[in-house]
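I have placed the structure first, in the form of structure tokens, so that the comments after it can refer back to it.
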Amino acid sequence: MLGIKKIFRIKQKGDKFISPFCFLVLCGIMFSACEQNKNKVGKAYTGPIETVNGVQVKYSEQGALKVLLKTPKQLRFQNEDKVFPDTVNIHFYDPTGTTVITRLRADSGRFDQRKNVYLVKGNVRVVKSETKEILTTTELNWSPETRKVFTDKFVTVKNMITKDVINGNGMDADQDFSHIKFRKGTFKMKFEEL
């Protein structure tokens, strides 16, 4: 009881000085507020950790350029995956590394670090310079390790000289598209009239 009477007397003295009791109450409130904020955990950041503009990625073997990838923008993520949100252009070179024999263009792409595979998507168009063939699909994968290009999607190959058309579901090819194997396909040939 004596303690409560003393507090009331301090309170009645006026507000020239903050009473020790009020000071302790304010400190307690501030410390409890800080304690609650300490337990709050924000959501982990999953966005890109690096953005690079004007990207050129070159792959070579024994000093000869084999593949050149160009894209306006690259985003790198925490797991080392890379995303190419803009147009992707890939040039495949001959064995000497001097002449482009195949050109690939796609709307976007990405690199999966875990699988070590590049994936291009959207209006994928491959032009083979020597044979004048055009391959179109919606998605292609390229493995630098196996030097193979593959897809499970629908593929069309048109020969611009003979006008022959090959359609298929799924395809496997060498990285320069010199040998293409369709998993399931049909072939349309234009015959000359006799």
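Chain identifiers are assigned as A, B, and so on, following the order in which chains appear in the structure tokens; residues are numbered from 1 within each chain, and ligands are numbered from 1 in order of appearance.
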
Long-range neighbours of A:Val117 as an mmCIF file with N, CA, C and O atoms, in the first residue's frame, 9 Å cut-off, only C-alpha atoms, 2 positions minimum in chain:
data_model
loop_
_atom_site.group_PDB
_atom_site.id
_atom_site.type_symbol
_atom_site.label_atom_id
_atom_site.label_comp_id
_atom_site.auth_asym_id
_atom_site.auth_seq_id
_atom_site.Cartn_x
_atom_site.Cartn_y
_atom_site.Cartn_z
ATOM 1 N N ARG A 110 16.152 -19.729 -71.913
ATOM 2 C CA ARG A 110 16.680 -19.853 -70.557
ATOM 3 C C ARG A 110 17.763 -20.917 -70.535
ATOM 4 O O ARG A 110 17.845 -21.753 -71.441
ATOM 5 N N PHE A 111 18.599 -20.871 -69.506
ATOM 6 C CA PHE A 111 19.634 -21.873 -69.289
ATOM 7 C C PHE A 111 19.382 -22.515 -67.934
ATOM 8 O O PHE A 111 19.322 -21.824 -66.918
ATOM 9 N N ASP A 112 19.223 -23.835 -67.919
ATOM 10 C CA ASP A 112 19.004 -24.596 -66.691
ATOM 11 C C ASP A 112 20.360 -25.127 -66.222
ATOM 12 O O ASP A 112 20.911 -26.053 -66.831
ATOM 13 N N GLN A 113 20.904 -24.537 -65.163
ATOM 14 C CA GLN A 113 22.231 -24.894 -64.656
ATOM 15 C C GLN A 113 22.300 -26.344 -64.200
ATOM 16 O O GLN A 113 23.265 -27.042 -64.458
ATOM 17 N N ARG A 114 21.248 -26.805 -63.536
ATOM 18 C CA ARG A 114 21.232 -28.175 -62.994
ATOM 19 C C ARG A 114 21.317 -29.217 -64.114
ATOM 20 O O ARG A 114 22.051 -30.191 -64.017
ATOM 21 N N LYS A 115 20.577 -28.994 -65.216
ATOM 22 C CA LYS A 115 20.571 -29.934 -66.340
ATOM 23 C C LYS A 115 21.641 -29.615 -67.378
ATOM 24 O O LYS A 115 21.883 -30.428 -68.269
ATOM 25 N N LEU A 119 17.212 -23.764 -73.352
ATOM 26 C CA LEU A 119 15.871 -23.949 -73.888
ATOM 27 C C LEU A 119 15.443 -22.647 -74.543
ATOM 28 O O LEU A 119 15.520 -21.589 -73.919
ATOM 29 N N ASN A 141 15.549 -27.575 -77.269
ATOM 30 C CA ASN A 141 16.554 -27.698 -76.208
ATOM 31 C C ASN A 141 17.904 -27.959 -76.858
ATOM 32 O O ASN A 141 17.989 -28.674 -77.855
ATOM 33 N N TRP A 142 18.961 -27.418 -76.255
ATOM 34 C CA TRP A 142 20.319 -27.669 -76.726
ATOM 35 C C TRP A 142 21.199 -27.999 -75.538
ATOM 36 O O TRP A 142 21.249 -27.259 -74.557
ATOM 37 N N SER A 143 21.911 -29.123 -75.630
ATOM 38 C CA SER A 143 22.837 -29.540 -74.580
ATOM 39 C C SER A 143 24.266 -29.329 -75.070
ATOM 40 O O SER A 143 24.715 -30.028 -75.984
ATOM 41 N N PRO A 144 25.015 -28.385 -74.471
ATOM 42 C CA PRO A 144 26.413 -28.191 -74.870
ATOM 43 C C PRO A 144 27.272 -29.419 -74.562
ATOM 44 O O PRO A 144 28.252 -29.679 -75.251
ATOM 45 N N GLU A 145 26.884 -30.175 -73.547
ATOM 46 C CA GLU A 145 27.647 -31.359 -73.131
ATOM 47 C C GLU A 145 27.574 -32.468 -74.179
ATOM 48 O O GLU A 145 28.585 -33.050 -74.548
#

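Excluding A:Phe84 itself and same-chain residues fewer than 5 positions from it, the residues having an atom within 12 Å of it are A:Pro48, A:Thr51, A:Val52, A:Asn53, A:Gly54, A:Val55, A:Gln56, A:Val57, A:Leu69, A:Lys70, A:Thr71, A:Pro72, A:Lys73, A:Gln74, A:Leu75, A:Arg76, A:Phe77, A:Asn89, A:Ala106, A:Asp107, A:Ser108, A:Gly109, A:Arg110, A:Phe111, A:Asp112, A:Tyr118, A:Leu119, A:Val120, A:Lys121, counting only C-alpha atoms.
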
Q: Record the distance separating atom CA of A:Asn159 and atom CA of A:Thr146, expressed in Å with one decimal.
A: 26.8 Å

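Distances to A:Ile166 were evaluated for A:Asp86, A:Glu133, A:Glu50, A:Asp81 using only C-alpha atoms, and the minimum falls at A:Glu133.
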
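Closest to A:Arg147 among A:Gly170, A:Phe92, A:Val100, A:Lys132 is A:Phe92, based on only C-alpha atoms.
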
(Q) Which residues are close to A:Phe182, i.e. within 8 Å by only C-alpha atoms, leaving aside same-chain residues fewer than 3 positions away? Reply as a PyMOL selection string. (A) chain A and resi 168-172+185

How about saving the chosen residues, N, CA, C and O atoms kept, as a short mmCIF file (atom, residue, chain, number, x, y, z; two decimals), in the first residue's frame?
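File produced: result-v9.cif:
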data_model
loop_
_atom_site.label_atom_id
_atom_site.label_comp_id
_atom_site.auth_asym_id
_atom_site.auth_seq_id
_atom_site.Cartn_x
_atom_site.Cartn_y
_atom_site.Cartn_z
N GLY A 168 6.72 -33.54 -87.83
CA GLY A 168 6.96 -34.58 -86.83
C GLY A 168 6.68 -34.12 -85.43
O GLY A 168 6.69 -32.92 -85.14
N ASN A 169 6.42 -35.08 -84.58
CA ASN A 169 6.30 -34.82 -83.14
C ASN A 169 7.57 -35.32 -82.48
O ASN A 169 7.83 -36.51 -82.43
N GLY A 170 8.39 -34.40 -82.04
CA GLY A 170 9.65 -34.75 -81.40
C GLY A 170 10.76 -34.88 -82.43
O GLY A 170 10.54 -35.30 -83.56
N MET A 171 11.97 -34.47 -82.00
CA MET A 171 13.09 -34.49 -82.91
C MET A 171 14.39 -34.53 -82.12
O MET A 171 14.48 -34.00 -81.02
N ASP A 172 15.40 -35.18 -82.68
CA ASP A 172 16.76 -35.18 -82.15
C ASP A 172 17.69 -34.83 -83.30
O ASP A 172 17.51 -35.32 -84.41
N GLY A 185 6.89 -38.92 -87.51
CA GLY A 185 6.70 -37.89 -88.49
C GLY A 185 6.01 -38.33 -89.76
O GLY A 185 5.79 -39.51 -89.99
#

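With only C-alpha atoms as the atoms that count, the residue of A:Thr87, A:Thr137, A:Ser129, A:Thr151 with the shortest distance to A:Ala173 is A:Thr151.
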
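Taking atom CA of A:Asn116 and atom CA of A:Tyr93 as the two end points, the separation is 20.5 Å.
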
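Atom to atom, atom CA of A:His91 and atom CA of A:Leu104 stand 6.3 Å apart.
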
Q.
Among stretch 54-152 of chain A, which residues does DSSP mark as strand (DSSP E) when it is run on the backbone? Keep the chain and numbering as in the structure and answer as a ChimeraX atom specification.
A. /A:54-61,64-76,82-84,88-93,100-106,108-112,117-128,133-143,148-152

Within 6 Å of stretch 152-157 of chain A, which residues of stretch 117-138 of chain A come that close, and what is the closest atom pair and distance in Å for each? Count only C-alpha atoms and give it as a tab-separated table.
residue	atom	partner	partner_atom	distance
A:Ile134	CA	A:Val157	CA	5.6
A:Leu135	CA	A:Val157	CA	4.3
A:Thr136	CA	A:Thr156	CA	5.3
A:Thr137	CA	A:Val155	CA	4.8

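Of the residues under consideration (A:Asn79, A:Lys158, A:Ile101, A:Asp164), A:Asn79 shows the shortest atom-to-atom contact distance to A:Thr46 when counting only C-alpha atoms.
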